[in-house]
>>> print(open('input.cif').read())   # mmCIF, C-alpha atoms and all ligand atoms
data_entry
loop_
_atom_site.label_atom_id
_atom_site.label_comp_id
_atom_site.auth_asym_id
_atom_site.auth_seq_id
_atom_site.Cartn_x
_atom_site.Cartn_y
_atom_site.Cartn_z
CA MET A 1 0.00 0.00 0.00
CA SER A 2 1.25 3.46 -0.84
CA ALA A 3 1.77 6.50 1.37
CA LEU A 4 -1.38 8.61 1.42
CA ILE A 5 -0.44 11.28 3.96
CA ARG A 6 3.22 12.01 4.42
CA LEU A 7 4.62 14.06 7.32
CA ASP A 8 8.05 15.51 6.81
CA ASN A 9 9.77 16.98 9.85
CA LEU A 10 6.37 18.32 10.94
CA THR A 11 6.45 20.86 13.73
CA VAL A 12 3.27 22.59 14.92
CA THR A 13 3.45 25.32 17.53
CA TYR A 14 1.15 27.51 19.61
CA GLU A 15 2.73 30.93 20.05
CA ARG A 16 6.02 29.27 19.08
CA HIS A 17 5.77 26.58 21.77
CA PRO A 18 6.00 23.26 19.97
CA ALA A 19 3.09 20.86 20.49
CA VAL A 20 4.22 18.48 17.73
CA HIS A 21 7.95 18.38 17.17
CA HIS A 22 9.89 17.16 14.11
CA VAL A 23 7.59 14.26 13.23
CA SER A 24 8.25 12.34 10.01
CA GLY A 25 6.52 9.30 8.53
CA ALA A 26 3.52 8.26 6.47
CA PHE A 27 -0.02 6.93 6.80
CA ARG A 28 -0.59 4.31 4.13
CA ALA A 29 -3.75 4.21 2.04
CA GLY A 30 -6.25 1.89 3.69
CA SER A 31 -4.37 1.70 7.00
CA LEU A 32 -6.04 1.69 10.42
CA THR A 33 -3.83 3.61 12.83
CA ALA A 34 -4.19 4.47 16.50
CA ILE A 35 -2.54 7.61 17.82
CA ALA A 36 -1.48 7.10 21.42
CA GLY A 37 0.45 9.19 23.91
CA PRO A 38 0.18 11.01 27.25
CA ASN A 39 -2.05 14.04 27.83
CA GLY A 40 -0.69 17.09 26.09
CA ALA A 41 1.37 14.90 23.72
CA GLY A 42 0.16 16.75 20.64
CA LYS A 43 -2.32 14.11 19.44
CA SER A 44 -5.19 16.52 18.77
CA THR A 45 -2.77 19.06 17.35
CA LEU A 46 -1.50 16.46 14.88
CA LEU A 47 -5.04 15.71 13.62
CA LYS A 48 -5.83 19.42 13.31
CA ALA A 49 -2.66 19.92 11.27
CA ILE A 50 -3.61 17.06 8.93
CA ILE A 51 -7.05 18.52 8.19
CA GLY A 52 -5.52 21.97 7.71
CA GLU A 53 -6.98 23.63 10.80
CA LEU A 54 -3.42 24.40 11.97
CA ARG A 55 -0.43 25.22 9.81
CA PRO A 56 3.01 23.67 10.22
CA ALA A 57 5.57 26.02 11.79
CA GLU A 58 8.26 23.89 10.20
CA GLY A 59 8.27 20.88 7.90
CA SER A 60 5.27 19.86 5.83
CA ILE A 61 2.32 17.55 5.29
CA ASP A 62 2.12 16.08 1.82
CA LEU A 63 -1.48 15.17 0.96
CA GLY A 64 -0.82 14.45 -2.72
CA ALA A 65 -4.07 15.10 -4.60
CA LEU A 66 -6.27 14.92 -1.48
CA THR A 67 -8.45 17.89 -0.55
CA ARG A 68 -10.33 18.83 2.62
CA ASN A 69 -13.41 17.08 1.17
CA ASP A 70 -11.65 13.73 1.36
CA PHE A 71 -11.51 13.96 5.15
CA GLY A 72 -14.15 13.18 7.74
CA TYR A 73 -13.19 14.53 11.17
CA LEU A 74 -14.60 13.88 14.61
CA PRO A 75 -13.22 16.47 17.05
CA GLN A 76 -12.50 15.68 20.68
CA ALA A 77 -15.73 16.01 22.70
CA ALA A 78 -14.46 19.09 24.53
CA ASP A 79 -14.26 20.93 21.19
CA VAL A 80 -17.83 20.15 20.14
CA VAL A 81 -20.51 22.67 21.02
CA ARG A 82 -23.80 21.02 21.85
CA ARG A 83 -25.80 24.00 22.96
CA PHE A 84 -27.12 25.01 19.53
CA PRO A 85 -30.89 24.59 19.33
CA ILE A 86 -30.55 22.14 16.49
CA SER A 87 -32.16 18.80 15.74
CA VAL A 88 -30.46 15.45 15.22
CA ALA A 89 -31.47 15.52 11.54
CA ASP A 90 -29.95 18.98 11.00
CA THR A 91 -26.76 17.97 12.82
CA ILE A 92 -26.10 15.02 10.59
CA MET A 93 -27.27 16.77 7.40
CA LEU A 94 -24.41 19.21 7.92
CA GLY A 95 -22.37 16.23 6.78
CA ALA A 96 -24.31 16.00 3.53
CA TRP A 97 -23.10 19.32 2.15
CA LYS A 98 -20.72 17.56 -0.19
CA ASN A 99 -23.68 16.31 -2.19
CA SER A 100 -25.93 19.32 -1.91
CA GLY A 101 -23.41 22.13 -2.43
CA ALA A 102 -22.37 24.31 0.48
CA PHE A 103 -25.43 26.53 0.26
CA GLY A 104 -27.74 24.17 -1.55
CA ARG A 105 -30.96 22.71 -0.18
CA PHE A 106 -31.07 19.18 1.12
CA SER A 107 -32.89 16.84 -1.19
CA GLY A 108 -35.30 14.05 -0.37
CA THR A 109 -32.48 11.61 -1.10
CA ASP A 110 -30.35 13.33 1.56
CA ALA A 111 -33.19 12.94 4.05
CA ALA A 112 -33.50 9.25 3.21
CA ARG A 113 -29.75 8.78 3.57
CA ALA A 114 -29.85 10.62 6.91
CA ARG A 115 -32.55 8.22 8.11
CA ASP A 116 -30.44 5.25 7.02
CA ALA A 117 -27.34 6.63 8.75
CA LEU A 118 -29.27 7.14 11.99
CA ALA A 119 -30.61 3.60 11.80
CA ALA A 120 -27.04 2.33 11.23
CA VAL A 121 -25.90 3.88 14.52
CA GLY A 122 -28.92 2.55 16.41
CA LEU A 123 -30.87 5.82 16.51
CA ALA A 124 -33.75 5.15 14.13
CA GLY A 125 -36.52 7.68 14.70
CA PHE A 126 -34.34 10.24 16.49
CA GLU A 127 -34.49 12.80 13.63
CA ARG A 128 -36.52 15.42 15.47
CA ARG A 129 -34.82 15.15 18.83
CA HIS A 130 -32.94 18.23 20.04
CA ILE A 131 -29.22 17.40 20.32
CA GLY A 132 -29.12 18.93 23.80
CA SER A 133 -31.48 16.20 25.01
CA LEU A 134 -29.18 13.29 24.08
CA SER A 135 -26.86 11.34 26.36
CA ALA A 136 -23.11 11.50 25.63
CA GLY A 137 -23.28 8.09 23.96
CA GLN A 138 -26.29 9.02 21.82
CA PHE A 139 -24.65 12.26 20.75
CA GLN A 140 -21.50 10.38 19.73
CA ARG A 141 -23.72 8.04 17.69
CA VAL A 142 -25.16 11.12 15.94
CA LEU A 143 -21.66 12.34 15.10
CA PHE A 144 -20.85 8.91 13.67
CA ALA A 145 -24.05 9.05 11.59
CA ARG A 146 -22.78 12.35 10.23
CA LEU A 147 -19.50 10.69 9.27
CA LEU A 148 -21.41 7.84 7.59
CA LEU A 149 -23.36 10.38 5.56
CA GLN A 150 -20.20 12.27 4.67
CA ASP A 151 -18.74 9.08 3.20
CA ALA A 152 -15.13 10.35 3.28
CA ARG A 153 -12.10 8.31 2.14
CA ILE A 154 -10.11 9.27 5.19
CA ILE A 155 -11.58 9.41 8.67
CA LEU A 156 -9.89 11.09 11.63
CA LEU A 157 -11.34 10.44 15.08
CA ASP A 158 -10.17 12.30 18.20
CA GLU A 159 -10.88 10.16 21.29
CA PRO A 160 -14.14 8.79 19.88
CA PHE A 161 -14.80 6.55 22.89
CA THR A 162 -13.85 8.78 25.81
CA ALA A 163 -16.68 9.08 28.38
CA ILE A 164 -18.90 6.85 26.25
CA ASP A 165 -20.74 3.80 27.63
CA GLN A 166 -19.46 0.29 26.76
CA ARG A 167 -22.35 -0.66 24.52
CA THR A 168 -21.95 2.49 22.42
CA THR A 169 -18.19 1.99 22.30
CA ARG A 170 -18.68 -1.51 20.94
CA ASP A 171 -21.21 -0.40 18.33
CA LEU A 172 -19.08 2.53 17.15
CA LEU A 173 -15.89 0.45 17.14
CA ASP A 174 -17.72 -1.95 14.78
CA ILE A 175 -18.35 0.97 12.44
CA VAL A 176 -14.66 1.93 12.58
CA LEU A 177 -13.65 -1.63 11.71
CA ARG A 178 -16.17 -1.68 8.86
CA TRP A 179 -14.68 1.55 7.48
CA HIS A 180 -11.30 -0.16 7.53
CA GLY A 181 -12.80 -3.21 5.81
CA ASP A 182 -14.19 -0.92 3.07
CA GLY A 183 -10.62 0.21 2.35
CA ARG A 184 -10.92 3.65 3.96
CA THR A 185 -7.97 5.13 5.82
CA VAL A 186 -8.79 5.56 9.51
CA ILE A 187 -6.71 7.38 12.13
CA ALA A 188 -8.01 7.45 15.71
CA VAL A 189 -6.63 9.04 18.87
CA LEU A 190 -7.24 6.49 21.62
CA HIS A 191 -6.23 6.07 25.22
CA ASP A 192 -7.41 2.51 25.88
CA PHE A 193 -4.23 0.55 25.14
CA ASP A 194 -6.02 -2.83 25.26
CA GLN A 195 -8.39 -1.59 22.58
CA VAL A 196 -5.46 -0.35 20.52
CA ARG A 197 -3.67 -3.69 20.76
CA ALA A 198 -6.82 -5.68 19.99
CA HIS A 199 -8.11 -3.73 16.99
CA PHE A 200 -5.57 -1.32 15.53
CA PRO A 201 -2.84 -2.88 13.36
CA GLU A 202 -0.70 0.26 13.40
CA THR A 203 0.12 2.81 16.06
CA LEU A 204 1.75 6.21 16.13
CA LEU A 205 3.05 6.83 19.66
CA ILE A 206 3.79 10.46 20.33
CA ALA A 207 5.05 12.55 23.23
CA ARG A 208 5.40 15.78 21.26
CA GLU A 209 8.22 13.98 19.48
CA LEU A 210 7.64 10.66 17.80
CA VAL A 211 8.32 7.68 20.08
CA GLY A 212 7.36 5.02 17.54
CA TRP A 213 5.25 4.53 14.42
CA GLY A 214 4.52 1.18 12.80
CA GLN A 215 3.03 -2.18 13.74
CA THR A 216 1.21 -1.89 17.05
CA GLY A 217 2.96 -4.82 18.77
CA GLY A 218 6.39 -3.29 18.30
CA VAL A 219 5.41 0.34 18.91
CA MET A 220 3.47 -0.33 22.13
CA SER A 221 6.40 -2.09 23.83
CA SER A 222 6.85 -1.42 27.52
CA ASP A 223 10.14 0.34 26.71
CA ASN A 224 8.38 2.77 24.37
CA LEU A 225 5.52 3.41 26.81
CA THR A 226 8.00 4.11 29.61
CA LYS A 227 9.88 6.44 27.30
CA ALA A 228 6.69 8.32 26.36
CA ARG A 229 5.75 8.74 30.02
CA ALA A 230 9.24 9.96 30.92
CA MET A 231 9.14 12.48 28.07
CA ALA A 232 5.78 13.76 29.35
CA GLU A 233 7.07 14.09 32.92
CA SER A 234 9.96 16.22 31.74
CA TRP A 235 7.73 18.69 29.89
CA ASP A 236 8.35 22.25 30.72
CA GLU A 237 5.57 24.49 29.42
CA ASP A 238 8.05 27.39 29.45
CA ALA A 239 10.70 25.56 27.45
CA GLU A 240 12.75 27.34 24.82
CA ASP A 241 10.73 28.34 21.79
CA CYS A 242 11.05 26.21 18.70
CA LEU A 243 13.18 28.40 16.48
CA PRO A 244 15.39 27.71 13.50
CA GLU A 245 18.94 26.74 14.57
CA GLN A 246 20.38 30.05 13.45
CA GLU A 247 17.95 32.10 15.51
CA LEU A 248 18.55 29.93 18.59
CA ALA A 249 22.32 30.43 18.25
CA GLU A 250 21.80 34.19 17.97
CA ARG A 251 19.61 34.20 21.09
CA LYS A 252 22.19 32.22 23.05
CA SER A 253 25.01 34.56 22.12
CA ALA A 254 22.81 37.57 22.94
CA LYS A 255 22.16 36.09 26.42
CA ARG A 256 25.89 35.75 27.01
CA GLU A 257 26.55 39.41 26.38
CA PRO A 258 27.24 41.23 29.68
CA ALA A 259 24.50 43.55 30.91
CA GLU A 260 25.20 47.24 30.46
P1 LIG B 301 -3.26 15.91 23.34
O1 LIG B 301 -4.39 15.89 22.36
O2 LIG B 301 -2.21 14.89 23.03
O3 LIG B 301 -3.72 15.80 24.77
P2 LIG B 301 -2.94 18.63 22.39
O4 LIG B 301 -2.58 18.47 20.97
O5 LIG B 301 -4.34 19.02 22.69
O6 LIG B 301 -2.52 17.31 23.20
O7 LIG B 301 -2.01 19.72 23.06
C1 LIG B 301 -0.60 19.67 22.96
C2 LIG B 301 0.00 20.85 23.71
O8 LIG B 301 -0.41 22.05 23.08
C3 LIG B 301 -0.43 20.95 25.16
O9 LIG B 301 0.66 21.45 25.91
C4 LIG B 301 -1.55 21.97 25.12
O10 LIG B 301 -1.65 22.67 26.34
C5 LIG B 301 -1.08 22.88 24.00
N1 LIG B 301 -2.24 23.49 23.31
C6 LIG B 301 -3.25 22.83 22.72
N2 LIG B 301 -4.14 23.69 22.17
C7 LIG B 301 -3.66 24.93 22.41
C8 LIG B 301 -4.10 26.24 22.07
N3 LIG B 301 -5.22 26.46 21.38
N4 LIG B 301 -3.34 27.29 22.50
C9 LIG B 301 -2.19 27.09 23.18
N5 LIG B 301 -1.72 25.87 23.52
C10 LIG B 301 -2.43 24.80 23.14
MG MG B 302 -6.41 15.69 22.60
#
>>> encode(input="input.cif", output="structure tokens")
Amino acid sequence: MSALIRLDNLTVTYERHPAVHHVSGAFRAGSLTAIAGPNGAGKSTLLKAIIGELRPAEGSIDLGALTRNDFGYLPQAADVVRRFPISVADTIMLGAWKNSGAFGRFSGTDAARARDALAAVGLAGFERRHIGSLSAGQFQRVLFARLLLQDARIILLDEPFTAIDQRTTRDLLDIVLRWHGDGRTVIAVLHDFDQVRAHFPETLLIARELVGWGQTGGVMSSDNLTKARAMAESWDEDAEDCLPEQELAERKSAKREPAE
């Protein structure tokens, strides 16, 4: 299988503080990859960079001929606003824009597809429910229905099963595995290592810097997990900015100059 998304020395920063640091490698077409790592490891930042929500400070992401429309993205729950007075049907139809045109009207076919997608996630008949009235698990099912409707080649999921009941986790994991079976490329940030080992053939382990990327068995070794934890414990939020070598050297020599 060929490289679909290639990261080359990717560095993503917030106000110059690196969240993802010098990461290189590739996601193959049709691969199913878990992204694992401690809190604050840059996992969400990496997904946001891939979909183009954040720009690389250094290095690059080569998407070949892919465009934003090829990606389905499920943000981390904390980033999803659920207070809009909007129905389940409207929420998932926002995923149908690809077929209706950004400002077009939704067709009867879209409505039928929305019904099918809701049935596929176990929420048949929920169309008119207000999204604010749903449980966390039901809302996550709605977001998966939206992804089903979107029908993207590449699907990025940020902690899809965090704070979700077991039954929902199992149902939604089945959908993820089906996407993989269809030949889609799926990348999911996960923190349940047993789940990663059981279902995800490949893993990218990150602690701002890459710890390992490849077959899950090798990447999730106890050595690598210890290393990732140690890297997280040594994080200093006020660490030196990520600057090009030259600029760093200039800063250092400036610091050495005696005060007036
Ligand atoms: P993860 O998803 O692995 O928990 P994130 O990618 O969310 O980690 O964050 C990586 C680092 O970047 C953390 O130190 C976090 O505090 C910081 N960070 C994330 N988002 C922002 C932001 N919008 N502004 C400033 N710093 C941020
Ligand atoms: Mg995150």
>>> residues_around(input="input.cif", residues="Gly214 of chain A", least_positions_apart="4", cutoff="7 Å", atoms="all atoms listed in the file", output="VMD selection string")
chain A and resid 202 to 204 219
>>> atom_distance(input="input.cif", atom1="atom CA of Val211 of chain A", atom2="atom CA of Asp62 of chain A")
21.0 Å
>>> residues_around(input="input.cif", residues="segment 119-123 of chain A", least_positions_apart="3", cutoff="9 Å", atoms="only C-alpha atoms", output="list in words")
Ala114, Arg115, Asp116, Phe126, Glu127, Gln138, Arg141, Val142, Phe144, Ala145, Leu148, Thr168, Asp171, Leu172 and Ile175 of chain A
>>> residues_near_ligand(input="input.cif", ligand="ligand LIG 301 (chain B)", cutoff="6 Å", atoms="all atoms listed in the file", output="list in words")
Tyr14, Ala19, Asn39, Gly40, Ala41, Gly42, Lys43, Ser44 and Thr45 of chain A
>>> closest_residue(input="input.cif", among="A:Ala111, A:Leu118, A:Ala207, A:Leu47", to="Tyr73 of chain A", atoms="all atoms listed in the file")
A:Leu47
>>> atom_distance(input="input.cif", atom1="atom CA of Asp90 of chain A", atom2="atom CA of Ile131 of chain A")
9.5 Å
>>> residues_around(input="input.cif", residues="segment 177-186 of chain A", least_positions_apart="6", cutoff="10 Å", atoms="all atoms listed in the file", output="JSON, numbers by chain")
{"A": [4, 5, 27, 28, 29, 30, 31, 32, 33, 34, 71, 72, 148, 151, 152, 153, 154, 155, 156, 157, 199, 200]}
>>> residues_near_point(input="input.cif", point="(-32.0, 17.2, 22.8)", cutoff="9 Å", atoms="all atoms listed in the file", output="NGL selection string")
:A and (85-88 or 128-135)
>>> closest_residue(input="input.cif", among="A:Pro18, A:Gly125, A:Gly212, A:Pro38", to="ligand MG 302 (chain B)", atoms="all atoms listed in the file")
A:Pro38
>>> atom_distance(input="input.cif", atom1="atom CA of Arg68 of chain A", atom2="atom CA of Arg55 of chain A")
13.8 Å
>>> closest_residue(input="input.cif", among="A:Leu63, A:Ala3, A:Met93, A:Val189", to="ligand MG 302 (chain B)", atoms="only C-alpha atoms and all ligand atoms")
A:Val189
>>> closest_residue(input="input.cif", among="A:Leu94, A:Leu46, A:Leu7, A:Met220", to="ligand MG 302 (chain B)", atoms="only C-alpha atoms and all ligand atoms")
A:Leu46
>>> axis_aligned_box(input="input.cif", around="segment 56-72 of chain A", padding_each_side="3 Å", output="JSON")
{"center_x": -2.9, "center_y": 19.6, "center_z": 3.6, "size_x": 28.4, "size_y": 18.8, "size_z": 22.4}
>>> closest_residue(input="input.cif", among="A:Leu66, A:Ala36, A:Met231, A:Ala78", to="Leu205 of chain A", atoms="all atoms listed in the file")
A:Ala36
>>> closest_residue(input="input.cif", among="A:Thr162, A:Ser221, A:Thr216, A:Gln150", to="ligand MG 302 (chain B)", atoms="all atoms listed in the file")
A:Thr162
>>> residues_around(input="input.cif", residues="Glu58 of chain A", least_positions_apart="6", cutoff="8 Å", atoms="all atoms listed in the file", output="list of chain:residue names")
A:Asn9, A:Leu10, A:Thr11, A:Val12, A:His22
